[in-house]
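Read the structure below first, then the notes.
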Amino acid sequence: MPKPIHRTTLRYRALVILLSPIAFGYTVYRAVKDGGRRYFLQRFGIDYPRITLPSLLIHCASVGEFHAAKPLIFKLRDLYPDHHLVISTNTPTAAVLVSKLEDKKISHVYMSLDYSFAVSQLLAHVRPVCVLVLETEIWPTLFFQAAKNDITIAIINGRLSDKTLRANRFLKNEQQFSLQNLDLILARSEEDRLKFLRLGAEHQTTHVGGNLKYASTRIDKPLQQTATKYPFVLAISTHEDEELQLAQHLPLLREKKHLLVIAPRYPERSQALCRQLQQQNWTVSLHSQANGTTSQTDVYIVDTFGELDGFLSEAALVFVGGSLISRGGHNLLEPAGFGKCTVIGPHTENFALETKELQEADGVIQVDDNQDLGLELARLLNNTDVRDQYGKNAQQFVRQKASVLDSYIEHLRPILQPT
């Protein structure tokens, strides 16, 4: 018996139209800033490539979701050689990372805005047999159009915040109808599975798949050597103001003969960040200028895409950004996979589960504020054994979780069209 299809409500369609001027203005802004013509057109359902092979459409909203999905993307590419994989993103930054895969079986599009005409064009051109949506993206029109066109659709690595569950009744009702159009929900934990059920997901389609981010911590390729000649502390995924807070510890790092390597969350900020630090009389180098480091270098900024692994492998220890300020934190599993002692700030709401599990395994250090961070840096730079132990604990923990990819494939096989 076919499942019932839940159409988007008139109230939701009216809200989408009402918000159109804001959506249009923001799309123009992003297109001018960094997205370009293709970003603008595809967000409105125009200029999509026509895929001739059956395809699997995998939606990764931004950089974090793409990194989490990469091992699954490669696994699906190998398991379904007669299919083309289309990775959709919302951001140009993630689009750049997809392009760096340089794989003829994988291509990129921008996900359309949730207009019926735009979503219809996306599905008509890409022709997916299945749509996989990473983590928290619930788009009523996309889910309805997929169900209407007999395209299987699933949320994978699903997670829901308490804020989503506290949304007003209208939004929760719309999300409930949308979730009932899904063929499968693979939540990252039992807690998240229960949240999806509370929001209105069907019991028979909602399961625990595990945290897909653990699969992305496996290192199975040669790493390019970095241009840094001196020991360094690596700060990844940092945001504005965080770098200036970190710069307060540069005298300590200089005393310990370490430099600070910063990989900003948004590399396009690198030039402005360089000027800010130089105004404080620090000596700064940019990775893109290929000048390397000298004994006078205080800060080295990684302002390129796709080269972070080499720095992770060589770092003395790692700080994960988005956590000293109220951004909710970023992926602390990446340095854990490299066996690195990792320090995070107090704001880790986006990675609360990962933080809790790594803390229980003595695989991460969480500080209360920037002053506390300075004390930890001094302690850790004075004690190699402590750093090594935290790194070993973290790596051992994530390796125990690496089988999550097998769990995902087992759950996904029934809804994927066989080759």
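In the structure tokens, each chain is lettered A, B, ... as it comes, each chain's residues begin at 1, and ligands are numbered from 1 in order of appearance.
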Go through region 307-372 of chain A and flag each residue having an atom no more than 9 Å from region 262-285 of chain A; for those, report the closest pair of atoms plus their distance in Å to one decimal, using only C-alpha atoms, ordered by chain and rising number, as CSV.
```
residue,atom,partner,partner_atom,distance
A:Leu308,CA,A:Ala263,CA,7.6
A:Gly321,CA,A:Arg265,CA,8.0
A:Gly322,CA,A:Arg265,CA,8.5
```
Each residue of region 94-143 of chain A with at least one atom at most 12 Å from region 180-189 of chain A should appear once, together with its nearest atom pair and the corresponding distance in Å (one decimal); atoms considered: only C-alpha atoms; ordering: chain, then increasing residue number; output as a tab-separated table.
```
residue	atom	partner	partner_atom	distance
A:Cys130	CA	A:Asp183	CA	9.8
A:Val131	CA	A:Leu182	CA	9.9
A:Leu132	CA	A:Leu184	CA	9.4
A:Val133	CA	A:Ile185	CA	9.5
A:Leu134	CA	A:Leu186	CA	9.7
A:Glu135	CA	A:Ala187	CA	8.1
A:Thr136	CA	A:Ala187	CA	10.1
A:Glu137	CA	A:Ile185	CA	11.9
A:Ile138	CA	A:Leu182	CA	10.4
A:Trp139	CA	A:Asn181	CA	10.9
A:Pro140	CA	A:Asn181	CA	8.9
A:Thr141	CA	A:Asn181	CA	10.4
A:Leu142	CA	A:Asn181	CA	9.9
A:Phe143	CA	A:Asn181	CA	6.2
```
Dump of N, CA and C atoms for the selected residues, as a compact mmCIF listing (two decimals), in the first residue's frame:
```txt
# COMPACT_ATOMS: atom_id res chain seq x y z
N CYS A 130 16.79 8.92 -5.65
CA CYS A 130 16.75 9.04 -4.20
C CYS A 130 17.38 10.37 -3.81
N VAL A 131 16.81 11.01 -2.79
CA VAL A 131 17.35 12.25 -2.24
C VAL A 131 17.74 11.99 -0.79
N LEU A 132 19.00 12.27 -0.46
CA LEU A 132 19.48 12.14 0.91
C LEU A 132 19.80 13.53 1.44
N VAL A 133 19.21 13.89 2.56
CA VAL A 133 19.35 15.23 3.13
C VAL A 133 20.08 15.13 4.45
N LEU A 134 21.16 15.87 4.59
CA LEU A 134 21.99 15.80 5.79
C LEU A 134 21.42 16.61 6.95
N GLU A 135 21.31 16.00 8.07
CA GLU A 135 21.18 16.58 9.41
C GLU A 135 19.87 17.27 9.71
N THR A 136 19.76 18.58 9.51
CA THR A 136 18.63 19.32 10.07
C THR A 136 17.77 20.02 9.03
N GLU A 137 18.04 19.79 7.76
CA GLU A 137 17.32 20.51 6.71
C GLU A 137 15.93 19.88 6.49
N ILE A 138 14.89 20.61 6.83
CA ILE A 138 13.52 20.16 6.59
C ILE A 138 12.86 21.18 5.67
N TRP A 139 12.67 20.80 4.40
CA TRP A 139 12.10 21.71 3.40
C TRP A 139 10.79 21.11 2.89
N PRO A 140 9.66 21.66 3.31
CA PRO A 140 8.36 21.06 2.98
C PRO A 140 8.12 20.86 1.49
N THR A 141 8.46 21.84 0.66
CA THR A 141 8.19 21.71 -0.78
C THR A 141 9.06 20.63 -1.40
N LEU A 142 10.34 20.61 -1.05
CA LEU A 142 11.23 19.57 -1.57
C LEU A 142 10.72 18.19 -1.19
N PHE A 143 10.34 18.00 0.05
CA PHE A 143 9.89 16.69 0.50
C PHE A 143 8.58 16.29 -0.20
```
task = Please run DSSP on the backbone and report, as a PyMOL selection string, all residues within region 58-166 of chain A that come out as alpha helix (DSSP H).
result = chain A and resi 63-79+92-99+116-126+140-148+162-165
Written selection (C-alpha atoms) as an mmCIF file, in the first residue's frame:
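Contents of selection02.cif, freshly written:
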```cif
data_model
loop_
_atom_site.group_PDB
_atom_site.id
_atom_site.type_symbol
_atom_site.label_atom_id
_atom_site.label_comp_id
_atom_site.auth_asym_id
_atom_site.auth_seq_id
_atom_site.Cartn_x
_atom_site.Cartn_y
_atom_site.Cartn_z
ATOM 1 C CA VAL A 63 30.871 22.798 4.762
ATOM 2 C CA GLY A 64 30.218 20.799 7.929
ATOM 3 C CA GLU A 65 27.559 18.604 6.348
ATOM 4 C CA PHE A 66 29.732 17.997 3.293
ATOM 5 C CA HIS A 67 32.678 16.862 5.392
ATOM 6 C CA ALA A 68 30.398 14.496 7.303
ATOM 7 C CA ALA A 69 28.956 13.081 4.089
ATOM 8 C CA LYS A 70 32.220 12.571 2.184
ATOM 9 C CA PRO A 71 32.893 8.967 3.251
ATOM 10 C CA LEU A 72 29.298 8.040 2.417
ATOM 11 C CA ILE A 73 29.543 9.821 -0.940
ATOM 12 C CA PHE A 74 32.604 7.789 -1.921
ATOM 13 C CA LYS A 75 31.024 4.567 -0.658
ATOM 14 C CA LEU A 76 27.842 5.143 -2.691
ATOM 15 C CA ARG A 77 29.906 6.029 -5.756
ATOM 16 C CA ASP A 78 31.620 2.644 -5.530
ATOM 17 C CA LEU A 79 28.486 0.644 -4.694
ATOM 18 C CA PRO A 92 29.514 28.736 -2.361
ATOM 19 C CA THR A 93 32.144 27.705 0.205
ATOM 20 C CA ALA A 94 30.856 24.137 0.210
ATOM 21 C CA ALA A 95 30.590 24.241 -3.584
ATOM 22 C CA VAL A 96 34.334 24.874 -3.820
ATOM 23 C CA LEU A 97 35.043 21.793 -1.717
ATOM 24 C CA VAL A 98 32.815 19.622 -3.915
ATOM 25 C CA SER A 99 34.630 20.858 -7.033
ATOM 26 C CA SER A 116 7.454 24.759 -6.081
ATOM 27 C CA PHE A 117 8.592 25.853 -9.555
ATOM 28 C CA ALA A 118 12.278 25.867 -8.530
ATOM 29 C CA VAL A 119 12.203 22.482 -6.808
ATOM 30 C CA SER A 120 10.351 20.982 -9.789
ATOM 31 C CA GLN A 121 13.099 22.171 -12.141
ATOM 32 C CA LEU A 122 15.791 20.744 -9.895
ATOM 33 C CA LEU A 123 14.184 17.306 -9.771
ATOM 34 C CA ALA A 124 13.329 17.306 -13.483
ATOM 35 C CA HIS A 125 16.912 18.052 -14.525
ATOM 36 C CA VAL A 126 18.813 16.002 -11.948
ATOM 37 C CA PRO A 140 8.356 21.056 2.984
ATOM 38 C CA THR A 141 8.194 21.713 -0.777
ATOM 39 C CA LEU A 142 11.233 19.569 -1.570
ATOM 40 C CA PHE A 143 9.891 16.694 0.504
ATOM 41 C CA PHE A 144 6.412 16.960 -1.037
ATOM 42 C CA GLN A 145 7.691 17.185 -4.617
ATOM 43 C CA ALA A 146 9.943 14.181 -4.107
ATOM 44 C CA ALA A 147 7.091 12.113 -2.681
ATOM 45 C CA LYS A 148 4.739 13.225 -5.467
ATOM 46 C CA ASP A 162 15.556 21.771 21.448
ATOM 47 C CA LYS A 163 14.852 25.114 19.763
ATOM 48 C CA THR A 164 13.186 23.286 16.852
ATOM 49 C CA LEU A 165 10.953 21.407 19.255
#
```
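When only C-alpha atoms are used to measure the gap to Arg13 (chain A), the shortest distance among A:Glu174, A:Tyr26, A:His108, A:Arg387 belongs to A:Glu174.
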